[in-house]
Structures are given as C-alpha cells and as structure tokens.
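S.K.: Contents are mmCIF, C-alpha atoms; file name upload.cif:
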```cif
data_run
#
loop_
_atom_site.label_atom_id
_atom_site.label_comp_id
_atom_site.auth_asym_id
_atom_site.auth_seq_id
_atom_site.Cartn_x
_atom_site.Cartn_y
_atom_site.Cartn_z
CA MET A 14 98.16 149.11 113.51
CA ARG A 15 94.97 147.98 115.20
CA VAL A 16 92.70 145.21 113.89
CA GLY A 17 89.12 144.98 115.14
CA ILE A 18 87.38 141.62 114.93
CA LEU A 19 83.60 142.00 115.03
CA GLY A 20 81.92 138.95 116.50
CA GLY A 21 85.40 137.95 117.59
CA THR A 22 84.23 135.82 120.50
CA GLY A 23 83.32 132.84 118.28
CA PRO A 24 85.87 130.10 117.52
CA ALA A 25 87.10 131.49 114.18
CA GLY A 26 87.37 135.11 115.31
CA ARG A 27 89.00 134.15 118.58
CA GLY A 28 91.56 132.01 116.74
CA LEU A 29 92.45 134.80 114.34
CA ALA A 30 92.65 137.30 117.21
CA THR A 31 95.01 135.05 119.14
CA ARG A 32 97.36 134.54 116.19
CA LEU A 33 97.45 138.22 115.24
CA ALA A 34 97.92 139.37 118.84
CA ALA A 35 100.80 136.91 119.30
CA ALA A 36 102.46 137.74 115.99
CA GLY A 37 104.68 140.42 117.50
CA THR A 38 104.58 142.45 114.31
CA GLY A 39 103.04 145.54 115.86
CA VAL A 40 99.49 144.43 115.16
CA GLY A 41 97.17 145.11 118.07
CA VAL A 42 93.83 143.33 118.20
CA VAL A 43 90.42 144.39 119.53
CA ILE A 44 87.97 141.54 119.99
CA GLY A 45 84.51 142.99 119.42
CA SER A 46 81.21 141.58 120.63
CA ARG A 47 77.61 142.74 120.97
CA ASP A 48 78.43 142.57 124.69
CA ALA A 49 81.70 144.23 125.75
CA GLU A 50 81.79 142.13 128.94
CA ARG A 51 81.66 138.95 126.87
CA ALA A 52 84.60 140.23 124.82
CA ALA A 53 86.56 140.98 128.01
CA THR A 54 85.86 137.46 129.29
CA ILE A 55 87.18 135.92 126.07
CA VAL A 56 90.30 138.11 126.20
CA ALA A 57 90.91 136.93 129.78
CA GLU A 58 90.48 133.30 128.68
CA VAL A 59 92.99 133.72 125.87
CA ARG A 60 95.48 135.38 128.24
CA ASP A 61 95.04 132.58 130.79
CA ARG A 62 95.69 129.98 128.12
CA TRP A 63 98.91 131.63 126.95
CA PRO A 64 100.48 133.20 130.05
CA ASP A 65 103.96 133.29 128.48
CA GLN A 66 102.82 135.15 125.38
CA SER A 67 102.93 138.88 125.01
CA LEU A 68 99.46 139.42 123.55
CA ASP A 69 98.43 142.84 122.26
CA LEU A 70 94.74 142.11 122.79
CA VAL A 71 91.76 143.93 124.30
CA GLY A 72 87.99 143.45 124.33
CA ALA A 73 85.31 145.96 123.39
CA ASP A 74 81.82 146.22 121.96
CA ASN A 75 81.51 145.93 118.19
CA ALA A 76 81.12 149.69 117.72
CA GLU A 77 84.41 150.38 119.47
CA ALA A 78 86.17 147.54 117.63
CA ALA A 79 84.92 149.10 114.37
CA GLY A 80 87.09 152.11 115.14
CA SER A 81 90.20 150.05 114.36
CA ASP A 82 92.35 150.55 111.25
CA ILE A 83 91.25 147.28 109.66
CA VAL A 84 88.09 145.42 110.62
CA VAL A 85 87.37 141.71 110.29
CA VAL A 86 83.80 140.37 110.23
CA ALA A 87 83.65 137.10 112.18
CA THR A 88 79.99 137.19 113.21
CA PRO A 89 77.66 134.34 112.29
CA TRP A 90 76.87 134.78 108.59
CA ASP A 91 73.22 135.62 109.19
CA SER A 92 73.94 138.47 111.55
CA ALA A 93 76.69 140.13 109.51
CA VAL A 94 74.44 142.64 107.71
CA ASP A 95 72.52 143.64 110.86
CA THR A 96 75.79 144.07 112.76
CA LEU A 97 77.40 146.15 110.02
CA ARG A 98 74.70 148.52 108.76
CA PRO A 99 74.70 150.71 111.91
CA LEU A 100 78.51 150.87 111.63
CA ALA A 101 78.62 151.83 107.93
CA ARG A 102 79.69 155.41 108.64
CA VAL A 103 82.58 154.54 110.97
CA LEU A 104 83.69 151.82 108.55
CA ALA A 105 83.56 154.07 105.46
CA GLY A 106 86.93 154.26 103.72
CA LYS A 107 88.29 151.28 105.64
CA VAL A 108 89.33 147.81 104.63
CA VAL A 109 86.82 145.25 105.97
CA VAL A 110 87.63 141.54 105.78
CA SER A 111 84.76 139.05 105.66
CA MET A 112 85.64 135.61 107.04
CA ALA A 113 82.14 134.24 107.66
CA ASN A 114 80.74 131.19 105.87
CA ALA A 115 77.08 130.24 105.37
CA LEU A 116 77.05 126.59 106.39
CA VAL A 117 74.60 124.10 107.84
CA ARG A 118 75.49 120.78 109.40
CA GLU A 119 73.65 117.57 108.48
CA GLY A 120 75.03 114.50 110.23
CA ARG A 121 78.61 113.86 109.20
CA GLU A 122 78.54 116.59 106.56
CA MET A 123 78.64 120.33 106.38
CA LEU A 124 76.64 121.83 103.53
CA ALA A 125 76.95 125.28 101.99
CA LEU A 126 74.01 127.65 101.72
CA VAL A 127 73.74 130.30 99.04
CA PRO A 128 73.15 133.39 101.19
CA PRO A 129 71.23 136.45 99.96
CA ARG A 130 73.40 138.37 97.43
CA GLY A 131 75.32 135.19 96.56
CA SER A 132 77.99 135.28 99.25
CA VAL A 133 78.47 136.63 102.76
CA ALA A 134 81.23 138.87 101.43
CA ALA A 135 78.90 140.37 98.79
CA ALA A 136 76.35 141.04 101.54
CA VAL A 137 79.06 142.72 103.64
CA GLN A 138 80.08 144.90 100.68
CA TRP A 139 76.41 145.76 100.11
CA ALA A 140 75.98 146.77 103.77
CA LEU A 141 79.18 148.85 103.60
CA PRO A 142 79.14 150.52 100.18
CA ASP A 143 81.88 152.98 101.13
CA SER A 144 84.25 150.36 102.57
CA GLN A 145 86.78 148.22 100.72
CA VAL A 146 85.69 144.66 101.41
CA ALA A 147 87.89 141.60 101.00
CA ALA A 148 87.10 137.96 101.78
CA ALA A 149 89.72 135.76 103.45
CA PHE A 150 90.48 133.23 106.22
CA HIS A 151 87.64 130.85 105.32
CA HIS A 152 89.34 127.47 105.19
CA LEU A 153 91.44 127.56 108.36
CA PRO A 154 90.35 125.13 111.07
CA ALA A 155 89.39 127.36 114.02
CA ARG A 156 90.80 125.06 116.64
CA GLN A 157 94.25 124.95 115.02
CA LEU A 158 94.18 128.69 114.56
CA ALA A 159 93.51 129.23 118.25
CA ASP A 160 96.25 126.82 119.35
CA LEU A 161 99.53 128.71 119.18
CA LYS A 162 101.43 125.43 119.60
CA THR A 163 100.10 124.19 116.24
CA LEU A 164 102.40 125.06 113.36
CA LEU A 165 100.23 126.36 110.56
CA ALA A 166 101.02 125.51 106.94
CA ALA A 167 98.14 126.74 104.85
CA ASP A 168 97.27 129.00 101.95
CA VAL A 169 94.70 131.74 102.51
CA LEU A 170 92.68 132.79 99.48
CA VAL A 171 92.07 136.55 99.35
CA CYS A 172 89.58 138.16 96.98
CA SER A 173 88.30 141.69 96.65
CA ASP A 174 87.15 144.30 94.16
CA HIS A 175 89.61 146.79 95.73
CA ALA A 176 93.36 146.42 95.26
CA GLU A 177 94.05 148.18 98.58
CA ALA A 178 91.83 145.69 100.40
CA THR A 179 93.65 142.75 98.82
CA ALA A 180 96.99 144.32 99.79
CA ALA A 181 95.98 145.08 103.39
CA THR A 182 94.45 141.64 103.87
CA THR A 183 97.56 140.02 102.40
CA GLY A 184 99.54 141.95 105.02
CA LEU A 185 97.37 140.51 107.81
CA VAL A 186 97.81 136.98 106.48
CA ASP A 187 101.55 137.36 106.12
CA ALA A 188 101.80 138.60 109.73
CA ILE A 189 100.88 135.07 110.84
CA ASP A 190 103.62 132.45 110.65
CA GLY A 191 102.82 129.54 108.36
CA LEU A 192 100.12 131.27 106.32
CA ARG A 193 100.53 132.39 102.73
CA ALA A 194 98.08 134.73 101.01
CA LEU A 195 97.06 134.04 97.42
CA ASP A 196 95.24 136.64 95.32
CA ALA A 197 92.16 134.77 94.10
CA GLY A 198 90.62 137.61 92.10
CA SER A 199 87.50 139.72 92.52
CA LEU A 200 84.89 139.53 95.28
CA ASN A 201 82.83 137.43 92.85
CA GLN A 202 85.06 134.51 93.86
CA ALA A 203 83.83 134.70 97.46
CA ALA A 204 80.75 132.59 96.69
CA ALA A 205 82.86 129.61 95.62
CA ILE A 206 85.51 130.20 98.29
CA GLU A 207 82.94 130.35 101.09
CA ALA A 208 81.03 127.31 99.83
CA PHE A 209 84.23 125.28 99.64
CA THR A 210 84.57 125.63 103.41
CA ALA A 211 81.77 123.06 103.63
CA VAL A 212 83.96 120.61 101.71
CA CYS A 213 86.97 121.30 103.94
CA VAL A 214 84.94 120.74 107.11
CA THR A 215 83.33 117.59 105.68
CA LEU A 216 86.76 116.18 104.83
CA ASN A 217 87.80 116.78 108.42
CA LEU A 218 84.64 115.17 109.80
CA ARG A 219 85.02 112.12 107.54
CA HIS A 220 88.75 111.68 108.03
CA ARG A 221 88.89 112.83 111.68
CA ALA A 222 91.56 115.25 110.53
CA HIS A 223 92.47 118.91 110.83
CA SER A 224 93.46 119.47 107.24
CA ALA A 225 94.86 122.57 105.65
CA LEU A 226 94.49 123.67 102.06
CA ARG A 227 97.67 124.15 100.02
CA PHE A 228 98.27 124.99 96.39
CA SER A 229 101.45 123.54 94.94
CA GLY A 230 102.91 125.04 91.80
CA ILE A 231 102.28 128.69 92.82
CA MET B 4 88.54 96.87 83.10
CA ARG B 5 87.37 99.34 80.49
CA VAL B 6 86.64 103.02 81.18
CA GLY B 7 84.53 105.00 78.72
CA ILE B 8 84.96 108.77 78.66
CA LEU B 9 81.93 110.48 77.12
CA GLY B 10 82.87 113.78 75.49
CA GLY B 11 86.44 112.59 75.89
CA THR B 12 87.80 114.68 73.02
CA GLY B 13 87.90 117.90 75.08
CA PRO B 14 91.03 118.89 77.04
CA ALA B 15 89.95 117.46 80.40
CA GLY B 16 88.62 114.17 79.04
CA ARG B 17 91.59 113.71 76.77
CA GLY B 18 93.98 114.33 79.65
CA LEU B 19 92.26 111.79 81.89
CA ALA B 20 92.12 109.28 79.02
CA THR B 21 95.85 109.66 78.39
CA ARG B 22 96.79 109.15 82.04
CA LEU B 23 94.52 106.14 82.51
CA ALA B 24 95.60 104.51 79.24
CA ALA B 25 99.27 104.96 80.17
CA ALA B 26 98.85 103.75 83.75
CA GLY B 27 99.64 100.13 82.88
CA THR B 28 97.26 98.87 85.54
CA GLY B 29 95.03 96.94 83.17
CA VAL B 30 92.67 99.86 82.64
CA GLY B 31 91.64 100.21 79.00
CA VAL B 32 90.12 103.50 77.84
CA VAL B 33 87.48 104.29 75.24
CA ILE B 34 87.34 107.95 74.23
CA GLY B 35 83.74 108.66 73.29
CA SER B 36 82.45 111.49 71.12
CA ARG B 37 79.23 112.43 69.34
CA ASP B 38 81.33 111.72 66.23
CA ALA B 39 83.30 108.44 66.26
CA GLU B 40 85.69 109.78 63.62
CA ARG B 41 86.53 112.72 65.83
CA ALA B 42 87.29 110.30 68.66
CA ALA B 43 89.56 108.25 66.36
CA THR B 44 91.42 111.44 65.33
CA ILE B 45 92.03 112.36 68.98
CA VAL B 46 93.25 108.85 69.78
CA ALA B 47 95.69 109.08 66.84
CA GLU B 48 96.92 112.47 68.10
CA VAL B 49 97.53 111.09 71.58
CA ARG B 50 99.40 108.08 70.13
CA ASP B 51 101.53 110.37 67.93
CA ARG B 52 102.42 112.50 70.94
CA TRP B 53 103.53 109.53 73.05
CA PRO B 54 105.01 107.02 70.58
CA ASP B 55 107.01 105.24 73.29
CA GLN B 56 104.00 104.65 75.52
CA SER B 57 101.94 101.51 75.47
CA LEU B 58 98.47 103.10 75.46
CA ASP B 59 95.38 100.94 75.88
CA LEU B 60 93.18 103.48 74.10
CA VAL B 61 90.52 103.41 71.37
CA GLY B 62 87.94 105.86 69.99
CA ALA B 63 84.20 105.30 69.61
CA ASP B 64 80.89 107.13 69.60
CA ASN B 65 79.43 107.97 72.99
CA ALA B 66 76.92 105.10 72.84
CA GLU B 67 79.69 102.55 72.36
CA ALA B 68 81.86 104.18 75.05
CA ALA B 69 78.87 103.93 77.40
CA GLY B 70 79.15 100.15 77.15
CA SER B 71 82.33 100.28 79.27
CA ASP B 72 82.52 99.05 82.86
CA ILE B 73 82.87 102.57 84.31
CA VAL B 74 81.83 105.71 82.45
CA VAL B 75 83.18 109.23 82.92
CA VAL B 76 81.18 112.28 81.81
CA ALA B 77 83.56 114.87 80.33
CA THR B 78 81.13 116.65 78.02
CA PRO B 79 80.58 120.40 78.32
CA TRP B 80 78.35 120.86 81.37
CA ASP B 81 75.38 122.08 79.35
CA SER B 82 75.26 119.04 77.11
CA ALA B 83 75.69 116.41 79.84
CA VAL B 84 71.97 115.75 80.37
CA ASP B 85 71.14 115.57 76.64
CA THR B 86 74.08 113.25 76.07
CA LEU B 87 73.16 110.95 78.94
CA ARG B 88 69.37 110.56 78.82
CA PRO B 89 69.37 108.38 75.68
CA LEU B 90 72.05 106.24 77.35
CA ALA B 91 70.23 105.79 80.67
CA ARG B 92 69.36 102.17 80.02
CA VAL B 93 72.89 101.05 79.03
CA LEU B 94 74.29 102.99 81.99
CA ALA B 95 71.84 101.54 84.53
CA GLY B 96 73.61 99.76 87.37
CA LYS B 97 76.99 101.28 86.44
CA VAL B 98 79.25 103.74 88.16
CA VAL B 99 79.25 107.07 86.28
CA VAL B 100 81.79 109.75 87.19
CA SER B 101 80.92 113.39 86.52
CA MET B 102 83.97 115.63 85.99
CA ALA B 103 82.30 118.58 84.24
CA ASN B 104 82.22 122.08 85.73
CA ALA B 105 79.79 124.91 84.94
CA LEU B 106 82.10 127.87 84.40
CA VAL B 107 82.15 131.09 82.45
CA ARG B 108 85.21 133.18 81.71
CA GLU B 109 85.21 136.96 82.23
CA GLY B 110 88.57 138.56 81.45
CA ARG B 111 91.21 137.29 83.85
CA GLU B 112 88.70 135.37 85.94
CA MET B 113 86.70 132.22 85.71
CA LEU B 114 83.31 132.37 87.42
CA ALA B 115 81.10 129.51 88.58
CA LEU B 116 77.50 129.16 87.44
CA VAL B 117 74.87 127.40 89.51
CA PRO B 118 73.55 124.89 86.97
CA PRO B 119 70.00 123.52 87.01
CA ARG B 120 69.66 121.04 89.92
CA GLY B 121 72.49 122.75 91.79
CA SER B 122 75.47 120.93 90.32
CA VAL B 123 76.42 119.13 87.12
CA ALA B 124 76.78 115.92 89.12
CA ALA B 125 73.24 116.24 90.49
CA ALA B 126 71.97 116.74 86.93
CA VAL B 127 73.89 113.64 85.84
CA GLN B 128 72.37 111.61 88.68
CA TRP B 129 68.92 112.95 87.75
CA ALA B 130 69.44 111.91 84.11
CA LEU B 131 70.66 108.48 85.21
CA PRO B 132 68.44 107.50 88.15
CA ASP B 133 69.53 103.84 88.01
CA SER B 134 73.28 104.59 87.88
CA GLN B 135 75.66 105.21 90.77
CA VAL B 136 77.01 108.70 90.13
CA ALA B 137 80.17 110.12 91.68
CA ALA B 138 81.83 113.48 91.10
CA ALA B 139 85.62 113.72 90.78
CA PHE B 140 88.58 115.08 88.81
CA HIS B 141 87.39 118.71 88.84
CA HIS B 142 90.45 120.63 90.00
CA LEU B 143 93.17 119.06 87.85
CA PRO B 144 94.66 121.37 85.23
CA ALA B 145 93.82 119.68 81.89
CA ARG B 146 97.14 120.54 80.27
CA GLN B 147 99.19 118.95 83.06
CA LEU B 148 96.94 115.92 83.03
CA ALA B 149 97.52 115.43 79.30
CA ASP B 150 101.30 115.83 79.61
CA LEU B 151 102.69 112.49 80.76
CA LYS B 152 106.05 114.17 81.46
CA THR B 153 104.47 116.28 84.21
CA LEU B 154 104.66 114.64 87.61
CA LEU B 155 101.29 115.06 89.25
CA ALA B 156 100.99 115.75 92.97
CA ALA B 157 97.36 116.52 93.68
CA ASP B 158 94.41 115.44 95.76
CA VAL B 159 91.19 114.48 93.97
CA LEU B 160 87.97 115.04 95.89
CA VAL B 161 85.44 112.26 95.35
CA CYS B 162 81.81 112.53 96.42
CA SER B 163 78.81 110.31 95.84
CA ASP B 164 75.60 109.03 97.39
CA HIS B 165 76.70 105.46 96.58
CA ALA B 166 79.55 103.79 98.46
CA GLU B 167 80.34 101.56 95.46
CA ALA B 168 80.71 104.64 93.23
CA THR B 169 83.08 106.29 95.72
CA ALA B 170 85.12 103.06 95.88
CA ALA B 171 85.29 102.55 92.10
CA THR B 172 86.18 106.21 91.49
CA THR B 173 88.85 106.04 94.19
CA GLY B 174 90.27 103.06 92.29
CA LEU B 175 90.46 105.11 89.08
CA VAL B 176 92.19 107.99 90.88
CA ASP B 177 94.67 105.67 92.55
CA ALA B 178 95.54 104.10 89.18
CA ILE B 179 97.16 107.42 88.23
CA ASP B 180 100.59 108.14 89.72
CA GLY B 181 100.68 111.26 91.86
CA LEU B 182 96.96 111.50 92.53
CA ARG B 183 95.34 110.76 95.88
CA ALA B 184 91.58 110.31 96.27
CA LEU B 185 89.84 111.86 99.27
CA ASP B 186 86.28 110.92 100.22
CA ALA B 187 84.51 114.28 100.41
CA GLY B 188 81.07 112.99 101.35
CA SER B 189 77.73 112.86 99.57
CA LEU B 190 76.90 114.10 96.08
CA ASN B 191 75.56 117.25 97.79
CA GLN B 192 79.20 118.37 98.02
CA ALA B 193 79.51 118.46 94.23
CA ALA B 194 78.05 121.98 94.03
CA ALA B 195 80.85 123.45 96.13
CA ILE B 196 83.52 121.20 94.60
CA GLU B 197 82.54 122.13 91.05
CA ALA B 198 82.29 125.86 91.84
CA PHE B 199 85.73 125.86 93.44
CA THR B 200 87.19 124.94 90.06
CA ALA B 201 86.55 128.57 89.11
CA VAL B 202 88.81 129.66 91.97
CA CYS B 203 91.55 127.19 90.96
CA VAL B 204 91.51 128.39 87.35
CA THR B 205 91.44 132.05 88.43
CA LEU B 206 94.47 131.47 90.66
CA ASN B 207 96.29 129.98 87.67
CA LEU B 208 95.29 132.87 85.40
CA ARG B 209 96.37 135.48 87.97
CA HIS B 210 99.61 133.79 88.97
CA ARG B 211 100.45 132.32 85.52
CA ALA B 212 100.73 129.00 87.31
CA HIS B 213 99.54 125.43 86.95
CA SER B 214 98.67 124.83 90.56
CA ALA B 215 97.44 121.68 92.20
CA LEU B 216 95.24 121.38 95.23
CA ARG B 217 96.61 119.49 98.24
CA PHE B 218 95.25 118.87 101.70
CA SER B 219 97.90 118.53 104.38
CA GLY B 220 97.01 116.86 107.67
CA ILE B 221 94.95 114.05 106.08
#
```
Represent the structure of the file as structure tokens.
M.R.:
Amino acid sequence: MRVGILGGTGPAGRGLATRLAAAGTGVGVVIGSRDAERAATIVAEVRDRWPDQSLDLVGADNAEAAGSDIVVVATPWDSAVDTLRPLARVLAGKVVVSMANALVREGREMLALVPPRGSVAAAVQWALPDSQVAAAFHHLPARQLADLKTLLAADVLVCSDHAEATAATTGLVDAIDGLRALDAGSLNQAAAIEAFTAVCVTLNLRHRAHSALRFSGI
Amino acid sequence: MRVGILGGTGPAGRGLATRLAAAGTGVGVVIGSRDAERAATIVAEVRDRWPDQSLDLVGADNAEAAGSDIVVVATPWDSAVDTLRPLARVLAGKVVVSMANALVREGREMLALVPPRGSVAAAVQWALPDSQVAAAFHHLPARQLADLKTLLAADVLVCSDHAEATAATTGLVDAIDGLRALDAGSLNQAAAIEAFTAVCVTLNLRHRAHSALRFSGI
C-alpha cells in the first residue's frame, strides 16, 4: 500500500512520513510538495538522518502523490482547499486524511482559529465531495514524530463520516508503534479536535514539554 | 476555606462538591441552587450515599453560596450569565471557576456549540468584570467524580487571565486525590478546552467507557 502525503515537506507531514516509511509493514510513502525537487530534498534529508533504516520513501509533486492509495493532507490549513480542488478527480473514491490545524501563535500561546466551514477537515471534505475524508494525527508533537529514537505513547483521535475512512485511517495509525487509534465519531468532531491542538501546543510551550495525549479507561 | 458551587445540584457540580467535601483538607463546600430547598435535598442525598464519610457540605441558595471564598459556576451554560450578573458585586475581587460546557447531544455524539463571547468562561468573565475567572474541571466524567469509590487519575486543564485565579484553582484541583492541575494558559484557551469536552463524551458514548484525559511527558 502506498500513502501520499500532500504538503509533506512541513514538520508534521515529514514526521508522519518518516514513521510510516520506517514501520516495515509494507506501507510505502510518497512525500508530495508543490515542488517535486523540494520533496526530493526532504526525502534525502530524512535518509541522511536515518542511514540504518530501511525507508520506503520517495518524493514527488502533489499531483503524483495524490495517485497513492491513501492520501494525507499536511499542507498549511489555509492552502488545503486550493491544493485539493484541482486533484478532486484523482482523489475521488479514496480515503483522504486531514491532519492540518488552523492555529495562530501569540507569545507563549497557540490559539485556534475557526476556519471557513468550521474545521479544516470539513473544508477538505467540501473540496473533495467524492472522497472519504477522515481527520487524524492532530495532537502529535511533530518533532517527536520525526525522531525515530523517541518512543511514542499517544492516542490518535480519528473521526469521519465514512466508516471505511475511519477503518483505513485506524490502520495507518496502528502501523506506527506506540500509537493507538480511537474512534471519536463523525467529522463534526474535527472542529473540537483541531482546536484542541492549540491547547496541547500551549501546554508544551508553558511547561517546556513534549506531551502526548492519552485516554485512560478506554 | 469555603467553596461555593453555583448550580451545584447538577451532576457535574454535585460530583465536584462531593469530592471537595470529602477531601479532608479543610475545604468546606456550599452547594448553591436557585432553590435552597433543592440544594438541601441534594446535600441530604449525598450524605445518605456516603454515611461513613465526614463531609463538610451544606446547601444554600446561589446568593448565599456566592458569599464563599472561591466560587465555582456549574450551572447549565445558557443560564450562567443570568445567574451571575445579579451576584457581580458579591463576587467582585474573588476567584470564580467556570466548569460549564456548551454542548448538544445528537444521537451517539455530543457536539460543541460556540456560545456567545466564544466560550462559557469568557461569558462568565464578561458578567463578572471585577472577578478573577478561571476555567477548569471540564473533562471529568460527572459520574466518576460523584463516586468516591472510583479512583481518579486525570489531568485538569486550568486557564485564566489572572495568575491568582490559576493558583487558587490549582489548589482546588490538588485537594482532590488523583487529579493533577496543568496550567493551560490564558482564558482564551477556554473555547478549545470546553469544546473538547464534546469529544471526550463522544469517546465515552462510542466506547461505552468512562475515560480520563492524561498528558504524558509533562
């Protein structure tokens, strides 16, 4: 199976790409970028950082990455719709995972914006009406995700209006050691899930920590 | 020290009142209600449930409860402002803790509303301009809170624009075994913290669980 990560050159997308490519579960990863050369540079950087790892990882432009079996949207939140609309046809019928958050930093705090359509994930589903959109991977600290030496121990909230998208996204999460997927309901939940990323980042800024979210009792 | 819980007859307020009254740390609790008789009935119910506990707990109307040293707002979110405005003078200079969430249930999901002024806590601070408002206690399952036999193991996010309110609220949290307070920044964070309660409740509905939120790495 091949996973394409659109806008995968940013910290969050790169971290997810690294973990999936190193998982050794038969998941190949395509880092997508507006600029295929930029994607190739990032892939080379990741390979240089982890010379002992067998990484199933290539770079491409976003259009080529969109040809993958599952596609993750890791662009900045305010370019997600413009990136996706020209790709709606190639993404039709596919599971698309939105991991972007609409955040703005003010001093020692991160604050959540309410993006058009209520959440980034809702905007992604609107741009891709024939795709099965899920939202996931919001609360993971990018730096820890990208560092294969860091043992992860976090829950990943997954929400979607399509059962097959929840199932496929759960499969991606479970491919990564130390992550557990939790079904958090319909895509309506994405607004609160995305906004809570601001709280997670603020906690880390205030406490100089790299915290991970866990739910006990589930 | 005396803590008044306005609207303390509902599940969340009653649970917090029970835990604080049983804590044995010198914290006395006044359950407030629009109807003092209703408050007295709830206090009697709590005493009947825990006959072996020494509970420092009384009932009163909301105005009398507002005379306490610290006041918690546990009314339904849409009656918080109307409850508080007539009490603004007695609450001036005090720490007031907002624990209400603006939620609506649809089938197997809880959804978050955006209340006027962005969050319940912001509305509480608006209604009480001379009080020091904090937001806390949002993500605790009310039933577990009310059941003294349940060992709690949860983090409580505290946010405020007033350092003394964060400190006093942290003291309340720390008085309860099994709870840890985390400073989550300014009162601006309350919008995302309150909305995330919808996700926590939805997880519990979907997984038939009573989950608690924890942050590892802090």
S.K.: So that each row is one residue of chain B with an atom at most 10 Å from chain A, can you give its shortest atom pair and the distance in Å to one decimal, using all atoms listed in the file, rows by chain and rising number, as CSV?
M.R.:
```
residue,atom,partner,partner_atom,distance
B:Arg111,CA,A:Gly198,CA,8.3
B:Glu112,CA,A:Gly198,CA,6.8
B:Met113,CA,A:Gln202,CA,8.6
B:Leu114,CA,A:Gln202,CA,7.0
B:Ala115,CA,A:Ala205,CA,7.3
B:Leu116,CA,A:Ala205,CA,9.8
B:Ala156,CA,A:Ser229,CA,8.0
B:Ala157,CA,A:Ser229,CA,8.2
B:Leu160,CA,A:Val212,CA,9.0
B:Cys162,CA,A:Val212,CA,9.9
B:Leu185,CA,A:Leu216,CA,7.7
B:Asp186,CA,A:Leu216,CA,7.0
B:Ala187,CA,A:Leu216,CA,5.3
B:Gly188,CA,A:Thr215,CA,6.7
B:Ser189,CA,A:Glu122,CA,8.0
B:Asn191,CA,A:Leu124,CA,7.4
B:Gln192,CA,A:Val212,CA,6.4
B:Ala193,CA,A:Val212,CA,9.0
B:Ala194,CA,A:Ala208,CA,8.4
B:Ala195,CA,A:Phe209,CA,5.2
B:Ile196,CA,A:Phe209,CA,6.5
B:Glu197,CA,A:Ala205,CA,8.8
B:Ala198,CA,A:Ala205,CA,5.4
B:Phe199,CA,A:Ala205,CA,5.2
B:Thr200,CA,A:Ala205,CA,8.5
B:Ala201,CA,A:Ala205,CA,7.6
B:Val202,CA,A:Gln202,CA,6.4
B:Cys203,CA,A:Ala197,CA,8.2
B:Val204,CA,A:Ala197,CA,9.3
B:Thr205,CA,A:Ala197,CA,6.3
B:Leu206,CA,A:Ala197,CA,5.3
B:Asn207,CA,A:Ile231,CA,8.0
B:Leu208,CA,A:Ala197,CA,9.4
B:Arg209,CA,A:Gly198,CA,7.4
B:His210,CA,A:Ile231,CA,6.9
B:Arg211,CA,A:Ile231,CA,8.4
B:Ala212,CA,A:Ile231,CA,5.7
B:His213,CA,A:Gly230,CA,5.9
B:Ser214,CA,A:Gly230,CA,4.4
B:Ala215,CA,A:Ser229,CA,5.2
B:Leu216,CA,A:Phe228,CA,4.9
B:Arg217,CA,A:Arg227,CA,5.1
B:Phe218,CA,A:Leu226,CA,4.9
B:Ser219,CA,A:Ala225,CA,5.2
B:Gly220,CA,A:Ser224,CA,4.4
B:Ile221,CA,A:Ala222,CA,5.7
```
S.K.: Atom CA of A:Glu77 and atom CA of A:Ala140 are how many Å apart?
M.R.: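 Here the two named atoms are 18.2 Å from each other.
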S.K.: Residue by residue, what does the PyMOL selection byres ((chain B and resi 49) around 10) grab here? Present the result as an MDAnalysis selection string.
M.R.: chainID B and resid 17:18 20:21 43:48 50:54 56 58 60 149
S.K.: Given the choices A:Leu29, A:Ile83, A:Ala34, A:Val103, which gets closest to A:Asp69 if the distance is worked out from only C-alpha atoms?
M.R.: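 Residue with the minimum atom-to-atom distance to A:Asp69: A:Ala34.
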S.K.: If the PyMOL selection byres ((chain B and resi 174) around 12) were run on this exact file, what residues would it hold? Put them as a PyMOL selection string.
M.R.: chain B and resi 4+6+23+28-30+73+98+100+139+159+161+167-173+175-180+182-186
S.K.: What's the separation between atom CA of B:Val99 and atom CA of B:Leu9, in Å to one decimal place?
M.R.: 10.1 Å
S.K.: Nearest to A:His175: which of A:Met112, A:Val43, A:Leu200, A:Ala155 is it, counting only C-alpha atoms?
M.R.: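 Smallest distance to A:His175 is found for A:Leu200.
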S.K.: Please list as a list of chain:residue names every residue within 8 Å of stretch 93-101 of chain A, counting only C-alpha atoms and excluding residues in the same chain fewer than 6 positions away.
M.R.: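 Counting only the stated atoms, we get A:Ala76, A:Ala79, A:Val86, A:Val133, A:Ala136, A:Val137, A:Ala140, A:Leu141, A:Pro142, A:Asp143, A:Ser144.
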S.K.: Using atom CA of B:Ala105 and atom CA of B:Arg120 as the two end points, give the distance in Å to one decimal.
M.R.: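 Atom-to-atom, atom CA of B:Ala105 and atom CA of B:Arg120 are spaced 11.9 Å apart.
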S.K.: Using all atoms of stretch 175-179 of chain B listed in the file and a margin of 8 Å per side, can you give the axis-aligned box centre and edge lengths in Å to one decimal, as lines of an AutoDock Vina configuration file?
M.R.:
```
center_x = 93.8
center_y = 106.0
center_z = 90.4
size_x = 22.7
size_y = 19.9
size_z = 20.3
```
